[in-house]
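As structure tokens, the structure follows; a few thoughts come after it.
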Protein chains: 2
Amino acid sequence: MNKWYSTAPKGADPIVLSSRIRLARNLASLPFPGRMSREQQTDLVARVRECVSAWHAESFTEYNETTPANTLAALAESHLISPDFAGASHIRAAFISGDESVSLMVCEEDHLRLQLLGQGLCLTELYAKADRLDDDLGGRLHFAFDEQLGFLTHCPTNLGCGLRASVMLHLPALAQSGGLRRISENAAKMGIALRGFFGEGSDPAGALYQISNQASLGLSEGEILQRVTEVVEHLLREEMRLRRELLRADEGALSDRVWRAHGLLSSARRMSTAEAMRLLSDIRLGISLSLLPEEADLPLFGLLREIMPAVIDPQGKMTPTERDTARADLLRKTFSRKE
Amino acid sequence: MNKWYSTAPKGADPIVLSSRIRLARNLASLPFPGRMSREQQTDLVARVRECVSAWHAESFTEYNETTPANTLAALAESHLISPDFAGASHIRAAFISGDESVSLMVCEEDHLRLQLLGQGLCLTELYAKADRLDDDLGGRLHFAFDEQLGFLTHCPTNLGCGLRASVMLHLPALAQSGGLRRISENAAKMGIALRGFFGEGSDPAGALYQISNQASLGLSEGEILQRVTEVVEHLLREEMRLRRELLRADEGALSDRVWRAHGLLSSARRMSTAEAMRLLSDIRLGISLSLLPEEADLPLFGLLREIMPAVIDPQGKMTPTERDTARADLLRKTFSRKE
């Protein structure tokens with residue numbers, strides 16, 4: 001089945017890679033997962049399984065404590081489940097739709113974590129769909145809700161509407177300019193966090209950044225979506241302005257940089273994840289500035305997932321060198337017409 | 001006209017690039033060039049011009065003090081004349097054959113410097129031809145010769161038979177192993193010098209080294225050719241052994257290195273001379289170990305000349321960035337079939 005990230009729509013936004021909506025929900029009748037008995041966990045998973053099986057529009061695959069550790073690691077690298085959830089050992093389950101656009105974790109930090117993913121800036125559409133699924137779940141399971149605090153969640157940052165809205169952006173020019181620090185500080189005052197995509201506090205590998213609201217208490221869903229969108233639009237304008245500046249300052253140097261990335265991706269026999277992300281970032285920048293031909297337009301966001309260590313080696317049987325070789329093979333087949 | 005270095009013969013030695021024979025001669029009737037009058041210099045050039053015009057087998061082009069400085073710089077970069085000769089201002093001339101295999105400098109350090117160049121290890125053949133040309137010159141011009149010291153030359157290292165025999169080798173594995181220092185010290189005891197190709201004492205750009213005799217006094221031509229050949233053959237054996245070791249130790253890493261070089265040469269939009277030489281060295285190594293396909297076999301030695309700054313920009317009108325761009329364009333056209 002095609003994944004939601006497999007093919008980029010024609011004329012896709014060159015800067016916004018993806019949007020994500022996440023809702024946190026808990027049942028009124030149960031303690032938080034950390035305090036649940038195995039029987040309660042098993043029972044909750046069964047009740048949610050029943051809800052999901054009624055969602056006839058899509059088919060879902062269940063992953064749980066019987067799933068091999070490396071498969072769970074690959075799902076975490078793909079941001080379909082959280083690393084904590086992947087590494088846990090208690091009774092739990094994740095239901096993931098065939099196109100990977102919907103995932104529902106049961107017994108993570110909260111009883112339910114519903115996530116929707118989509119290409120480009122599509123927070124409003126994703127939220128509309130999440131809202132429908134949430135209504136369905138809420139109709140079958142009685143959620144803990146307080147007039148003052150909203151939906152009750154394990155972590156106070158998720159109180160209120162329990163909504164986390166995130167957008168992944170490719171910001172190579174801003175990252176290079178050093179201007180992100182100031183923007184990040186200003187966004188924080190609006191309750192919006194700007195982080196490197198791969199994990200909180202991680203280095204911004206491939207110049208990928210995630211924008212998301214830090215808390216949801218006291219804000220409506222509409223207010224959260226609006227604030228995140230405002231920051232995203234500001235970043236888009238700044239990034240485009242700086243890209244044009246880079247082009248004006250030295251188009252030849254930029255062209256050299258993106259074509260070298262293309263040459264290495266079509267030729268190398270071994271490549272680390274970090275180098276691959278850096279080069280894919282250059283390719284994306286090159287396409288957006290028409291320095292690389294349109295035909296080089298590739299499922300870059302899909303590739304970002306496919307080059308991750310546990311995605312390349314789901315059985316966990318490869319040495320690092322074997323993984324680097326398999327990664328280079330995958331990238332070479334994608335970028336080179338010659339083989 | 002095809003140059004002697006334009007096309008590599010099929011099955012050419014992967015390590016020996018070229019051989020060079022140089023003879024130093026002076027006329028008994030004249031002081032050394034540094035002490036000659038302008039009239040004497042003009043007269044000597046005219047007499048040699050007459051000799052060369054009688055060599056009907058090849059046509060020669062004359063370069064002299066009226067030649068543009070950048071053309072002379074390009075000839076020096078191609079090792080057809082010496083840098084000192086290119087930069088001088090006195091009356092002088094260089095006669096260079098159409099295929100650039102023969103060059104004759106008049107009024108360099110000595111009255112005459114005859115040079116012959118050829119691909120691969122061909123010292124004996126080159127010397128035989130040089131000997132014939134030398135006999136012809138000696139029959140028309142009376143050379144200074146002493147029973148004890150042999151041919152008299154400006155610098156004592158050229159006394160004796162006045163022969164300098166050189167071989168250019170590509171030694172990437174030896175250079176990487178650090179073993180060249182010891183070999184160089186041992187060769188020096190035999191009167192054989194091992195130097196980086198681009199200028200004495202320079203860095204071994206592109207892992208190219210020149211082996212040559214340091215002096216000629218007290219040695220016959222045959223002895224010099226034999227000693228140089230012995231050191232060359234020792235280096236060949238060591239280099240091949242180390243290449244096989246490199247391949248055995250990590251063929252994947254070596255394959256990655258040579259394919260990356262190919263990717264960059266077919267893609268980059270700007271490239272410095274030093275990077276181009278390093279990458280061409282990797283390509284040559286890759287072809288010799290069959291890590292790159294035979295069809296990638298290119299006139300690498302010719303390219304080494306064509307990427308030099310003054311060859312790229314004979315008018316001396318380009319900025320360094322423009323030269324790097326022109327160099328990348330030339331290399332890309334050679335290595336990429338796509339454009």
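Residues in the structure tokens are numbered from 1 in each chain, the chains being A, B, ... in the order shown, and ligands are numbered from 1 in the order shown.
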
Q: Identify, with DSSP run on backbone atoms, the residues in stretch 204-279 of chain A assigned to alpha helix (DSSP H), and express the list as an NGL selection string.
A: :A and (221-265 or 273-279)

Q | Shell of 10 Å around stretch 64-77 of chain B, only C-alpha atoms, local chain residues under 6 positions omitted, as number ranges by chain | A | B: 45, 83-96, 100, 105-106, 198-199, 304-317

Could you give me, as a Markdown table, a per-residue list for chain B showing, wherever an atom lies at most 6 Å from an atom of chain A, the closest pair of atoms and their distance in Å to one decimal, using only C-alpha atoms and sorting by chain then residue number from low to high?
```
| residue | atom | partner | partner_atom | distance |
| --- | --- | --- | --- | --- |
| B:Asp256 | CA | A:Arg269 | CA | 4.4 |
| B:Trp259 | CA | A:Ser267 | CA | 5.4 |
| B:Arg260 | CA | A:Ala268 | CA | 5.1 |
| B:Gly263 | CA | A:Gly263 | CA | 4.2 |
| B:Leu264 | CA | A:Gly263 | CA | 5.3 |
| B:Ser267 | CA | A:Gly263 | CA | 5.1 |
| B:Ala268 | CA | A:Arg260 | CA | 5.1 |
| B:Arg269 | CA | A:Asp256 | CA | 4.4 |
| B:Arg270 | CA | A:Asp256 | CA | 5.9 |
```

Can you write just those residues out, all heavy atoms, as a PDB file, in the first residue's frame?
```
ATOM      1  N   ASP B 256      34.003   2.675  -2.397  1.00  0.00           N
ATOM      2  CA  ASP B 256      33.292   3.909  -2.041  1.00  0.00           C
ATOM      3  C   ASP B 256      34.126   5.127  -2.410  1.00  0.00           C
ATOM      4  O   ASP B 256      33.640   6.080  -3.018  1.00  0.00           O
ATOM      5  CB  ASP B 256      33.006   3.888  -0.538  1.00  0.00           C
ATOM      6  CG  ASP B 256      32.203   5.089  -0.086  1.00  0.00           C
ATOM      7  OD1 ASP B 256      31.131   5.349  -0.683  1.00  0.00           O
ATOM      8  OD2 ASP B 256      32.635   5.778   0.854  1.00  0.00           O
ATOM      9  N   TRP B 259      34.352   5.597  -6.301  1.00  0.00           N
ATOM     10  CA  TRP B 259      33.067   5.976  -6.893  1.00  0.00           C
ATOM     11  C   TRP B 259      32.649   7.379  -6.471  1.00  0.00           C
ATOM     12  O   TRP B 259      32.006   8.103  -7.215  1.00  0.00           O
ATOM     13  CB  TRP B 259      31.993   4.951  -6.545  1.00  0.00           C
ATOM     14  CG  TRP B 259      31.998   3.807  -7.520  1.00  0.00           C
ATOM     15  CD1 TRP B 259      32.428   2.529  -7.301  1.00  0.00           C
ATOM     16  CD2 TRP B 259      31.563   3.854  -8.895  1.00  0.00           C
ATOM     17  NE1 TRP B 259      32.294   1.786  -8.445  1.00  0.00           N
ATOM     18  CE2 TRP B 259      31.764   2.557  -9.436  1.00  0.00           C
ATOM     19  CE3 TRP B 259      31.031   4.849  -9.710  1.00  0.00           C
ATOM     20  CZ2 TRP B 259      31.440   2.253 -10.769  1.00  0.00           C
ATOM     21  CZ3 TRP B 259      30.715   4.534 -11.031  1.00  0.00           C
ATOM     22  CH2 TRP B 259      30.921   3.253 -11.542  1.00  0.00           C
ATOM     23  N   ARG B 260      33.001   7.771  -5.235  1.00  0.00           N
ATOM     24  CA  ARG B 260      32.735   9.146  -4.820  1.00  0.00           C
ATOM     25  C   ARG B 260      33.517  10.127  -5.693  1.00  0.00           C
ATOM     26  O   ARG B 260      33.005  11.179  -6.080  1.00  0.00           O
ATOM     27  CB  ARG B 260      33.115   9.355  -3.348  1.00  0.00           C
ATOM     28  CG  ARG B 260      32.060   8.858  -2.390  1.00  0.00           C
ATOM     29  CD  ARG B 260      32.573   8.878  -0.958  1.00  0.00           C
ATOM     30  NE  ARG B 260      31.543   8.384  -0.072  1.00  0.00           N
ATOM     31  CZ  ARG B 260      30.748   9.154   0.662  1.00  0.00           C
ATOM     32  NH1 ARG B 260      30.908  10.465   0.651  1.00  0.00           N
ATOM     33  NH2 ARG B 260      29.812   8.634   1.412  1.00  0.00           N
ATOM     34  N   GLY B 263      31.673  10.406  -8.833  1.00  0.00           N
ATOM     35  CA  GLY B 263      30.447  11.198  -8.651  1.00  0.00           C
ATOM     36  C   GLY B 263      30.744  12.687  -8.606  1.00  0.00           C
ATOM     37  O   GLY B 263      30.030  13.495  -9.216  1.00  0.00           O
ATOM     38  N   LEU B 264      31.800  13.068  -7.895  1.00  0.00           N
ATOM     39  CA  LEU B 264      32.134  14.493  -7.783  1.00  0.00           C
ATOM     40  C   LEU B 264      32.643  15.034  -9.120  1.00  0.00           C
ATOM     41  O   LEU B 264      32.272  16.134  -9.533  1.00  0.00           O
ATOM     42  CB  LEU B 264      33.170  14.716  -6.675  1.00  0.00           C
ATOM     43  CG  LEU B 264      32.618  14.512  -5.258  1.00  0.00           C
ATOM     44  CD1 LEU B 264      33.743  14.590  -4.224  1.00  0.00           C
ATOM     45  CD2 LEU B 264      31.541  15.552  -4.936  1.00  0.00           C
ATOM     46  N   SER B 267      29.821  15.779 -11.404  1.00  0.00           N
ATOM     47  CA  SER B 267      28.733  16.621 -10.896  1.00  0.00           C
ATOM     48  C   SER B 267      29.143  18.029 -10.492  1.00  0.00           C
ATOM     49  O   SER B 267      28.338  18.949 -10.623  1.00  0.00           O
ATOM     50  CB  SER B 267      28.099  15.959  -9.665  1.00  0.00           C
ATOM     51  OG  SER B 267      27.687  14.659  -9.944  1.00  0.00           O
ATOM     52  N   ALA B 268      30.345  18.196  -9.979  1.00  0.00           N
ATOM     53  CA  ALA B 268      30.709  19.486  -9.375  1.00  0.00           C
ATOM     54  C   ALA B 268      30.650  20.621 -10.398  1.00  0.00           C
ATOM     55  O   ALA B 268      30.812  20.411 -11.595  1.00  0.00           O
ATOM     56  CB  ALA B 268      32.109  19.402  -8.769  1.00  0.00           C
ATOM     57  N   ARG B 269      30.350  21.795  -9.916  1.00  0.00           N
ATOM     58  CA  ARG B 269      30.285  23.006 -10.749  1.00  0.00           C
ATOM     59  C   ARG B 269      31.486  23.912 -10.531  1.00  0.00           C
ATOM     60  O   ARG B 269      31.663  24.916 -11.236  1.00  0.00           O
ATOM     61  CB  ARG B 269      29.005  23.763 -10.425  1.00  0.00           C
ATOM     62  CG  ARG B 269      27.843  23.501 -11.393  1.00  0.00           C
ATOM     63  CD  ARG B 269      27.515  22.062 -11.576  1.00  0.00           C
ATOM     64  NE  ARG B 269      26.488  21.855 -12.592  1.00  0.00           N
ATOM     65  CZ  ARG B 269      26.139  20.666 -13.074  1.00  0.00           C
ATOM     66  NH1 ARG B 269      26.730  19.580 -12.637  1.00  0.00           N
ATOM     67  NH2 ARG B 269      25.199  20.557 -13.989  1.00  0.00           N
ATOM     68  N   ARG B 270      32.288  23.622  -9.521  1.00  0.00           N
ATOM     69  CA  ARG B 270      33.529  24.365  -9.272  1.00  0.00           C
ATOM     70  C   ARG B 270      34.524  23.390  -8.683  1.00  0.00           C
ATOM     71  O   ARG B 270      34.162  22.610  -7.803  1.00  0.00           O
ATOM     72  CB  ARG B 270      33.306  25.490  -8.257  1.00  0.00           C
ATOM     73  CG  ARG B 270      32.622  26.702  -8.818  1.00  0.00           C
ATOM     74  CD  ARG B 270      32.526  27.778  -7.756  1.00  0.00           C
ATOM     75  NE  ARG B 270      31.676  28.857  -8.226  1.00  0.00           N
ATOM     76  CZ  ARG B 270      31.255  29.853  -7.465  1.00  0.00           C
ATOM     77  NH1 ARG B 270      31.616  29.892  -6.187  1.00  0.00           N
ATOM     78  NH2 ARG B 270      30.482  30.801  -7.951  1.00  0.00           N
TER      79      ARG B 270
END
```

Q. Can you list, as an MDAnalysis selection string, every protein, DNA or RNA residue that comes within 10 Å of stretch 111-117 of chain A when you count only C-alpha atoms, leaving out same-chain residues fewer than 4 positions away?
A. chainID A and resid 4:5 18:27 30:34 36 41 44:45 48 79:81 92:97 99:107 122:123 125:127 129:130 133:134 137 143 153:154 162:167

Q: Counting only C-alpha atoms, figure out which residue out of A:Asn186, A:Ser336, A:Asn158, A:Ser59 gets nearest to A:Asn213.
A: A:Asn158

(Q) If we count only C-alpha atoms and set the cut-off at 7 Å, which residues sit around A:Phe151, ignoring sequence neighbours fewer than 4 positions away in its own chain? Please answer as a list of chain:residue names. (A) A:Arg25, A:Ala144, A:Phe145, A:Asp146, A:Leu159, A:Gly160, A:Cys161, A:Gly162

Go ahead and write the selection's residues with C-alpha atoms as a short mmCIF file (atom, residue, chain, number, x, y, z; two decimals), in the first residue's frame.
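Done, and the output landed in part15.cif:
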```cif
data_model
loop_
_atom_site.label_atom_id
_atom_site.label_comp_id
_atom_site.auth_asym_id
_atom_site.auth_seq_id
_atom_site.Cartn_x
_atom_site.Cartn_y
_atom_site.Cartn_z
CA ARG A 25 -6.99 11.12 25.89
CA ALA A 144 -11.80 11.86 31.73
CA PHE A 145 -12.83 15.52 31.35
CA ASP A 146 -12.87 18.40 33.82
CA LEU A 159 -4.20 19.39 29.77
CA GLY A 160 -6.92 21.40 28.07
CA CYS A 161 -7.80 20.21 24.61
CA GLY A 162 -4.89 17.68 24.62
#
```

Q: Give the answer as one residue: which of B:Ala188, B:Leu217, B:Ala46, B:Ala175 has the shortest atom-to-atom distance to B:Ser281, using only C-alpha atoms?
A: B:Ala175

As an mmCIF file with N, CA, C and O atoms, in the first residue's frame, please: every residue in stretch 72-210 of chain A that DSSP puts in strand (DSSP E or B).
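Generated file (states.cif):
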```
data_model
loop_
_atom_site.group_PDB
_atom_site.id
_atom_site.type_symbol
_atom_site.label_atom_id
_atom_site.label_comp_id
_atom_site.auth_asym_id
_atom_site.auth_seq_id
_atom_site.Cartn_x
_atom_site.Cartn_y
_atom_site.Cartn_z
ATOM 1 N N ALA A 93 -0.371 -1.405 22.916
ATOM 2 C CA ALA A 93 -0.578 -1.673 21.486
ATOM 3 C C ALA A 93 -0.559 -0.369 20.711
ATOM 4 O O ALA A 93 -0.863 0.705 21.251
ATOM 5 N N ALA A 94 -0.140 -0.473 19.454
ATOM 6 C CA ALA A 94 -0.241 0.658 18.531
ATOM 7 C C ALA A 94 -0.972 0.156 17.299
ATOM 8 O O ALA A 94 -0.662 -0.922 16.786
ATOM 9 N N PHE A 95 -1.981 0.917 16.860
ATOM 10 C CA PHE A 95 -2.739 0.572 15.660
ATOM 11 C C PHE A 95 -2.359 1.579 14.584
ATOM 12 O O PHE A 95 -2.521 2.796 14.788
ATOM 13 N N ILE A 96 -1.844 1.077 13.483
ATOM 14 C CA ILE A 96 -1.313 1.981 12.454
ATOM 15 C C ILE A 96 -2.003 1.680 11.120
ATOM 16 O O ILE A 96 -2.075 0.519 10.699
ATOM 17 N N SER A 97 -2.517 2.729 10.498
ATOM 18 C CA SER A 97 -3.245 2.538 9.238
ATOM 19 C C SER A 97 -2.281 2.154 8.115
ATOM 20 O O SER A 97 -1.079 2.448 8.189
ATOM 21 N N VAL A 102 -2.435 7.446 10.019
ATOM 22 C CA VAL A 102 -3.102 7.452 11.338
ATOM 23 C C VAL A 102 -2.427 6.427 12.228
ATOM 24 O O VAL A 102 -2.184 5.294 11.802
ATOM 25 N N SER A 103 -2.083 6.842 13.447
ATOM 26 C CA SER A 103 -1.612 5.855 14.416
ATOM 27 C C SER A 103 -2.250 6.151 15.769
ATOM 28 O O SER A 103 -2.497 7.307 16.120
ATOM 29 N N LEU A 104 -2.512 5.082 16.480
ATOM 30 C CA LEU A 104 -3.184 5.200 17.779
ATOM 31 C C LEU A 104 -2.427 4.330 18.771
ATOM 32 O O LEU A 104 -2.406 3.105 18.648
ATOM 33 N N MET A 105 -1.750 5.009 19.722
ATOM 34 C CA MET A 105 -1.028 4.259 20.758
ATOM 35 C C MET A 105 -1.936 4.070 21.965
ATOM 36 O O MET A 105 -2.566 5.025 22.428
ATOM 37 N N VAL A 106 -1.948 2.860 22.499
ATOM 38 C CA VAL A 106 -2.736 2.549 23.703
ATOM 39 C C VAL A 106 -1.763 2.213 24.823
ATOM 40 O O VAL A 106 -0.839 1.410 24.624
ATOM 41 N N LEU A 112 -4.623 6.913 25.571
ATOM 42 C CA LEU A 112 -4.705 6.984 24.114
ATOM 43 C C LEU A 112 -3.891 8.159 23.586
ATOM 44 O O LEU A 112 -3.962 9.264 24.129
ATOM 45 N N ARG A 113 -3.126 7.884 22.549
ATOM 46 C CA ARG A 113 -2.446 8.938 21.814
ATOM 47 C C ARG A 113 -2.799 8.730 20.345
ATOM 48 O O ARG A 113 -2.345 7.762 19.728
ATOM 49 N N LEU A 114 -3.601 9.636 19.808
ATOM 50 C CA LEU A 114 -4.028 9.541 18.410
ATOM 51 C C LEU A 114 -3.192 10.509 17.581
ATOM 52 O O LEU A 114 -3.094 11.695 17.920
ATOM 53 N N GLN A 115 -2.599 10.010 16.507
ATOM 54 C CA GLN A 115 -1.732 10.870 15.691
ATOM 55 C C GLN A 115 -2.136 10.792 14.222
ATOM 56 O O GLN A 115 -2.385 9.712 13.698
ATOM 57 N N LEU A 116 -2.175 11.957 13.578
ATOM 58 C CA LEU A 116 -2.421 11.994 12.135
ATOM 59 C C LEU A 116 -1.296 12.749 11.445
ATOM 60 O O LEU A 116 -0.863 13.808 11.921
ATOM 61 N N LEU A 117 -0.844 12.204 10.347
ATOM 62 C CA LEU A 117 0.271 12.793 9.608
ATOM 63 C C LEU A 117 -0.154 13.073 8.169
ATOM 64 O O LEU A 117 -0.932 12.304 7.591
ATOM 65 N N GLY A 118 0.367 14.142 7.601
ATOM 66 C CA GLY A 118 0.072 14.440 6.202
ATOM 67 C C GLY A 118 1.164 15.302 5.597
ATOM 68 O O GLY A 118 1.933 15.953 6.311
ATOM 69 N N GLN A 119 1.271 15.295 4.275
ATOM 70 C CA GLN A 119 2.291 16.099 3.593
ATOM 71 C C GLN A 119 1.902 17.572 3.551
ATOM 72 O O GLN A 119 0.725 17.914 3.444
ATOM 73 N N PHE A 143 -14.203 9.373 28.311
ATOM 74 C CA PHE A 143 -12.952 10.092 28.568
ATOM 75 C C PHE A 143 -13.025 10.920 29.847
ATOM 76 O O PHE A 143 -14.069 11.481 30.169
ATOM 77 N N PHE A 145 -12.730 14.126 31.771
ATOM 78 C CA PHE A 145 -12.827 15.522 31.351
ATOM 79 C C PHE A 145 -13.240 16.365 32.546
ATOM 80 O O PHE A 145 -14.115 15.993 33.303
ATOM 81 N N ASP A 146 -12.588 17.507 32.700
ATOM 82 C CA ASP A 146 -12.866 18.399 33.822
ATOM 83 C C ASP A 146 -13.245 19.760 33.251
ATOM 84 O O ASP A 146 -12.592 20.238 32.313
ATOM 85 N N GLY A 150 -10.163 20.720 31.307
ATOM 86 C CA GLY A 150 -10.342 20.049 30.015
ATOM 87 C C GLY A 150 -10.067 18.566 30.136
ATOM 88 O O GLY A 150 -10.262 17.975 31.210
ATOM 89 N N PHE A 151 -9.531 17.980 29.054
ATOM 90 C CA PHE A 151 -9.193 16.551 29.099
ATOM 91 C C PHE A 151 -8.058 16.355 30.088
ATOM 92 O O PHE A 151 -7.063 17.089 30.048
ATOM 93 N N GLY A 160 -6.179 20.528 28.984
ATOM 94 C CA GLY A 160 -6.919 21.400 28.073
ATOM 95 C C GLY A 160 -7.493 20.554 26.947
ATOM 96 O O GLY A 160 -8.098 19.516 27.200
ATOM 97 N N LEU A 163 -4.293 18.793 22.580
ATOM 98 C CA LEU A 163 -3.852 18.831 21.176
ATOM 99 C C LEU A 163 -2.401 19.277 21.050
ATOM 100 O O LEU A 163 -2.000 20.284 21.639
ATOM 101 N N ARG A 164 -1.612 18.513 20.288
ATOM 102 C CA ARG A 164 -0.288 18.969 19.888
ATOM 103 C C ARG A 164 -0.296 19.045 18.359
ATOM 104 O O ARG A 164 -0.535 18.039 17.690
ATOM 105 N N ALA A 165 -0.070 20.261 17.849
ATOM 106 C CA ALA A 165 -0.029 20.456 16.392
ATOM 107 C C ALA A 165 1.416 20.726 16.002
ATOM 108 O O ALA A 165 2.044 21.635 16.550
ATOM 109 N N SER A 166 1.949 19.961 15.069
ATOM 110 C CA SER A 166 3.361 20.106 14.686
ATOM 111 C C SER A 166 3.493 20.218 13.179
ATOM 112 O O SER A 166 2.717 19.625 12.430
ATOM 113 N N VAL A 167 4.521 20.951 12.778
ATOM 114 C CA VAL A 167 4.818 21.065 11.353
ATOM 115 C C VAL A 167 6.321 20.847 11.186
ATOM 116 O O VAL A 167 7.120 21.415 11.942
ATOM 117 N N MET A 168 6.705 20.015 10.215
ATOM 118 C CA MET A 168 8.130 19.807 9.949
ATOM 119 C C MET A 168 8.551 20.674 8.770
ATOM 120 O O MET A 168 7.950 20.628 7.697
ATOM 121 N N LEU A 169 9.601 21.472 9.008
ATOM 122 C CA LEU A 169 10.064 22.426 8.000
ATOM 123 C C LEU A 169 11.518 22.144 7.629
ATOM 124 O O LEU A 169 12.307 21.722 8.471
ATOM 125 N N HIS A 170 11.836 22.424 6.390
ATOM 126 C CA HIS A 170 13.216 22.328 5.917
ATOM 127 C C HIS A 170 13.777 23.742 5.828
ATOM 128 O O HIS A 170 13.358 24.532 4.988
ATOM 129 N N ILE A 192 5.233 28.513 21.444
ATOM 130 C CA ILE A 192 5.532 27.642 20.305
ATOM 131 C C ILE A 192 7.004 27.228 20.362
ATOM 132 O O ILE A 192 7.882 28.080 20.504
ATOM 133 N N ALA A 193 7.258 25.925 20.264
ATOM 134 C CA ALA A 193 8.636 25.429 20.324
ATOM 135 C C ALA A 193 9.157 25.121 18.928
ATOM 136 O O ALA A 193 8.413 24.652 18.073
ATOM 137 N N LEU A 194 10.446 25.397 18.708
ATOM 138 C CA LEU A 194 11.121 25.080 17.449
ATOM 139 C C LEU A 194 12.279 24.153 17.804
ATOM 140 O O LEU A 194 13.170 24.525 18.563
ATOM 141 N N ARG A 195 12.243 22.939 17.271
ATOM 142 C CA ARG A 195 13.260 21.943 17.643
ATOM 143 C C ARG A 195 13.822 21.257 16.406
ATOM 144 O O ARG A 195 13.144 21.130 15.409
ATOM 145 N N GLY A 196 15.052 20.740 16.524
ATOM 146 C CA GLY A 196 15.562 19.830 15.495
ATOM 147 C C GLY A 196 14.621 18.650 15.401
ATOM 148 O O GLY A 196 14.082 18.191 16.411
ATOM 149 N N LEU A 208 16.249 19.983 9.259
ATOM 150 C CA LEU A 208 14.815 19.750 9.468
ATOM 151 C C LEU A 208 14.428 20.195 10.872
ATOM 152 O O LEU A 208 15.055 19.814 11.855
ATOM 153 N N TYR A 209 13.379 21.005 10.936
ATOM 154 C CA TYR A 209 12.929 21.531 12.220
ATOM 155 C C TYR A 209 11.454 21.248 12.401
ATOM 156 O O TYR A 209 10.686 21.211 11.445
ATOM 157 N N GLN A 210 11.070 21.080 13.674
ATOM 158 C CA GLN A 210 9.672 20.850 13.996
ATOM 159 C C GLN A 210 9.147 22.023 14.822
ATOM 160 O O GLN A 210 9.766 22.422 15.800
#
```
